[in-house]
Structure formats: structure tokens, C-alpha cells
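Structure first, commentary second.
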Amino acid sequence: MQDQIENVRDAIRWSTDYLLKAATTTPDTLYVQSVHFTVLTLDTKDELLWGASWIYIASGINSYREFIKSNGHILGADDDGYTFSWDDKRPGTKISLSKEFLEKNSEEFKLYKVHADNFICSHVPGTPTFQAQYTTGTSKSTEQHLVELAKKQVDYFLGDNPTKMSYMVGFGEKYPKHIHLRGSSLPSIHAQPQKISCNDGFQYLHTGSPNPNVLVGAIVGGPDSCAVTISLMI
């Protein structure tokens with residue numbers, strides 16, 4: 001991940017440039033950007049661990065590793081999670097940090113590897129801890145079987161599914177164009193310079209028109225049992 005440092009810096013630079021431009025456009029309004037690793041709520045715990053993990057993996061900065069070691073147990077490190085989504089990043093964190101144990105033999109991340117195994121097995125048809133609803137039974141999975149299953153899943157969300165729709169925005173000829181994300185559904189400040197309050201934003205969410213801002217590369221959450229996309233997974 002070391003080669004991604006410049007991309008991380010570009011992402012940070014984009015947000016700070018945005019704040020500067022916004023402040024220049026509306027000088028009487030104060031814009032701030034705040035990230036606190038000390039504010040812990042049910043909605044942010046998994047995000048804090050997820051964010052700290054990725055920053056540590058990308059940068060190698062030891063303070064983030066220490067944060068994970070000191071706070072992981074209260075941020076979800078001890079919990080199994082069986083659905084990776086915009087609202088629950090725990091499984092992704094477990095898999096990401098498993099690499100630290102597997103490649104560097106870092107004992108403090110051994111628990112993450114155990115939970116990552118549980119998560120993977122919960123999605124492999126035929127395993128005892130299988131959680132999905134499309135098969136039953138018990139069996140051992142070979143490496144080739146796991147590769148084939150992963151490819152099948154990727155093919156599914158890229159269009160090989162009952163709807164023949166790509167669940168990645170911007171990929172293929174048919175993809176979701178009315179996703180549930182404020183940044184995608186609201187008009188830009190150039191088209192709508194007036195302030196849009198939180199509640200006023202729902203009128204754009206519930207319209208049947210395509211979102212004005214296309215989030216190329218975003219993967220929508222779902223599908224549900226009827227193969228209908230339901231929300232954006234970040």
C-alpha cells in the first residue's frame with residue numbers, strides 16, 4: 001500500500017481545496033472539517049477502526065497501529081460480523097488486518113485473522129458456518145473453489161445476474177442511476193446556488209429522475225431477494 005500514499009494525499013488535498021473554494025465563494029460562512037478518534041458511538045466505532053486500519057496499512061505510521069491495539073476491543077475487534085456494508089465495516093477491517101498476522105506474524109492481529117476466517121466461511125456454500133440463503137450442507141473448500149466463488153460473485157455484481165444490471169455505477173451499459181447518497185442526488189451549487197437544508201434534500205432522493213452526479217465506481221448495496229438494488233455501499 002506504500003505506493004498509494006500520493007493518492008491519499010490527493011484525497012486530503014481535494015477536501016481542503018473544496019473547503020477553501022467554498023469559503024471564498026461564501027465568505028460569511030464558516031466551513032470546517034473535523035475527524036475525531038475519541039468520539040465513540042454505535043454508529044462510528046466500526047468506522048474508526050476501519051479508518052485507522054487503512055491509514056496504518058497505507059502509511060505504516062505506528063501511532064495508528066497503537067490506536068488499533070489500544071482501542072480495537074471497544075471498536076468491534078472482538079465481534080464477528082457477517083455482512084460487509086456501508087453501515088458495518090468490521091468484516092473488511094478484519095480481513096485487512098489479517099494480512100499483518102499472515103505476512104508479518106504480528107500476534108496482536110491474530111484475532112482479526114480468526115474473525116476474517118469466520119466471515120469468509122459464512123459466505124462459502126457448504127461450510128458449517130454458512131450464513132447466506134442459497135445452499136446448505138457441509139464440506140471443505142479448496143483454494144480453487146474459493147477463487148471460482150469469488151469470480152462468480154464479481155461477475156454477478158458486474159452484470160451476470162437476473163436483472164442483467166451492473167451494480168457498479170458507471171460500469172457497462174446498464175447500471176443504477178438513482179442511488180441513495182446525498183452527494184449524488186443533490187444538484188450542484190452551480191445548478192442550485194441556494195442552500196439546501198437536510199430535510200429539503202429528501203425531495204431529490206424521492207424523485208424518479210437519475211441523480212445529477214454520477215459516482216463512477218461506487219458499488220450499490222444489495223441486491224435484496226428480488227435482485228433489486230437498495231442503497232449505496234461505501
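All residue names refer to the C-alpha cells as shown: chains lettered A, B, ... in order, residues numbered from 1 in each chain, ligands numbered from 1 in order.
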
Residues of segment 116-205 of chain A that have any atom at most 10 Å from an atom of segment 87-99 of chain A: could you tabulate them with the shortest-distance atom pair and the distance in Å to one decimal, using only C-alpha atoms, ordered by chain and increasing number, as JSON lines?
```
{"residue": "A:Ala116", "atom": "CA", "partner": "A:Ile95", "partner_atom": "CA", "distance": 5.1}
{"residue": "A:Asp117", "atom": "CA", "partner": "A:Ile95", "partner_atom": "CA", "distance": 8.3}
{"residue": "A:Asn118", "atom": "CA", "partner": "A:Pro91", "partner_atom": "CA", "distance": 9.4}
{"residue": "A:Phe119", "atom": "CA", "partner": "A:Pro91", "partner_atom": "CA", "distance": 6.6}
{"residue": "A:Ile120", "atom": "CA", "partner": "A:Ile95", "partner_atom": "CA", "distance": 9.0}
```

Go ahead and write the residues just picked, C-alpha atoms, as an mmCIF file, in the first residue's frame.
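Saved result, again.cif, follows:
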```cif
data_model
loop_
_atom_site.group_PDB
_atom_site.id
_atom_site.type_symbol
_atom_site.label_atom_id
_atom_site.label_comp_id
_atom_site.auth_asym_id
_atom_site.auth_seq_id
_atom_site.Cartn_x
_atom_site.Cartn_y
_atom_site.Cartn_z
ATOM 1 C CA ALA A 116 -11.804 -12.998 8.983
ATOM 2 C CA ASP A 117 -11.886 -16.797 8.599
ATOM 3 C CA ASN A 118 -15.340 -16.864 10.175
ATOM 4 C CA PHE A 119 -16.556 -14.164 7.808
ATOM 5 C CA ILE A 120 -15.202 -15.900 4.702
#
```

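Residue neighbourhood of segment 166-168 of chain A, excluding near-sequence residues (fewer than 5 positions): Phe157, Leu158, Gly159, Lys174, Tyr175, Pro176, Gly217, Ala218, Ile219 and Val220 of chain A, at 7 Å, using only C-alpha atoms.
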
Would you mind exporting the chosen residues as a CSV table (one decimal), in the first residue's frame, restricted to N, CA and C atoms?
```
chain,number,residue,atom,x,y,z
A,157,PHE,N,-22.1,-9.0,-9.6
A,157,PHE,CA,-22.4,-7.6,-9.4
A,157,PHE,C,-22.0,-6.8,-10.6
A,158,LEU,N,-21.2,-7.3,-11.5
A,158,LEU,CA,-20.9,-6.6,-12.7
A,158,LEU,C,-21.9,-6.8,-13.9
A,159,GLY,N,-22.9,-7.6,-13.6
A,159,GLY,CA,-24.0,-7.8,-14.6
A,159,GLY,C,-24.5,-9.2,-14.9
A,174,LYS,N,-25.9,-0.7,-18.5
A,174,LYS,CA,-27.0,-0.6,-17.6
A,174,LYS,C,-26.5,-0.7,-16.1
A,175,TYR,N,-26.7,0.4,-15.4
A,175,TYR,CA,-26.2,0.4,-14.0
A,175,TYR,C,-27.1,1.4,-13.2
A,176,PRO,N,-27.1,1.3,-11.9
A,176,PRO,CA,-28.0,2.2,-11.1
A,176,PRO,C,-27.7,3.7,-11.3
A,217,GLY,N,-17.8,4.1,-10.2
A,217,GLY,CA,-17.0,3.2,-9.4
A,217,GLY,C,-17.7,2.8,-8.1
A,218,ALA,N,-18.8,3.5,-7.7
A,218,ALA,CA,-19.5,3.2,-6.4
A,218,ALA,C,-20.2,1.8,-6.6
A,219,ILE,N,-20.3,1.0,-5.6
A,219,ILE,CA,-21.0,-0.2,-5.6
A,219,ILE,C,-22.2,-0.2,-4.8
A,220,VAL,N,-23.3,-0.4,-5.3
A,220,VAL,CA,-24.6,-0.3,-4.5
A,220,VAL,C,-24.8,-1.5,-3.6
```

Fill in the blank from the handout: Across A:Arg182, A:His123, A:Lys45, A:Lys152, the smallest distance to Asn199 of chain A, with only C-alpha atoms counted, is shown by A:Arg182

Practice task
Using only C-alpha atoms, determine which residues lie at most 12 Å from Gly72 of chain A, disregarding the query and same-chain residues fewer than 3 positions distant; provide the list as a ChimeraX atom specification.
Solution key: /A:37,40,45-53,64-69,75-79,90,93-94,97,108-109,111-112

Practice task
Find, counting only C-alpha atoms, the residue in A:Asn71, A:Asn211, A:Ser63, A:Ser106 that gets nearest to Ser185 of chain A.
Solution key: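 Closest to Ser185 of chain A, using only C-alpha atoms: A:Asn211.
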
Practice task
Kindly give the distance, in Å, that separates atom CA of Glu6 of chain A and atom CA of Ile61 of chain A, rounded to a single decimal.
Solution key: 15.0 Å

Exercise for the section: Name the residues in contact with Leu146 of chain A at a cut-off of 10 Å, using only C-alpha atoms, excluding same-chain residues fewer than 3 positions from it; report them as a list in words. Expected result: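 Residues meeting the cut-off are Ile120, Cys121, Val124, Pro125, Ser141, Thr142, Glu143, Leu149, Ala150, Lys151 and Lys152 of chain A.
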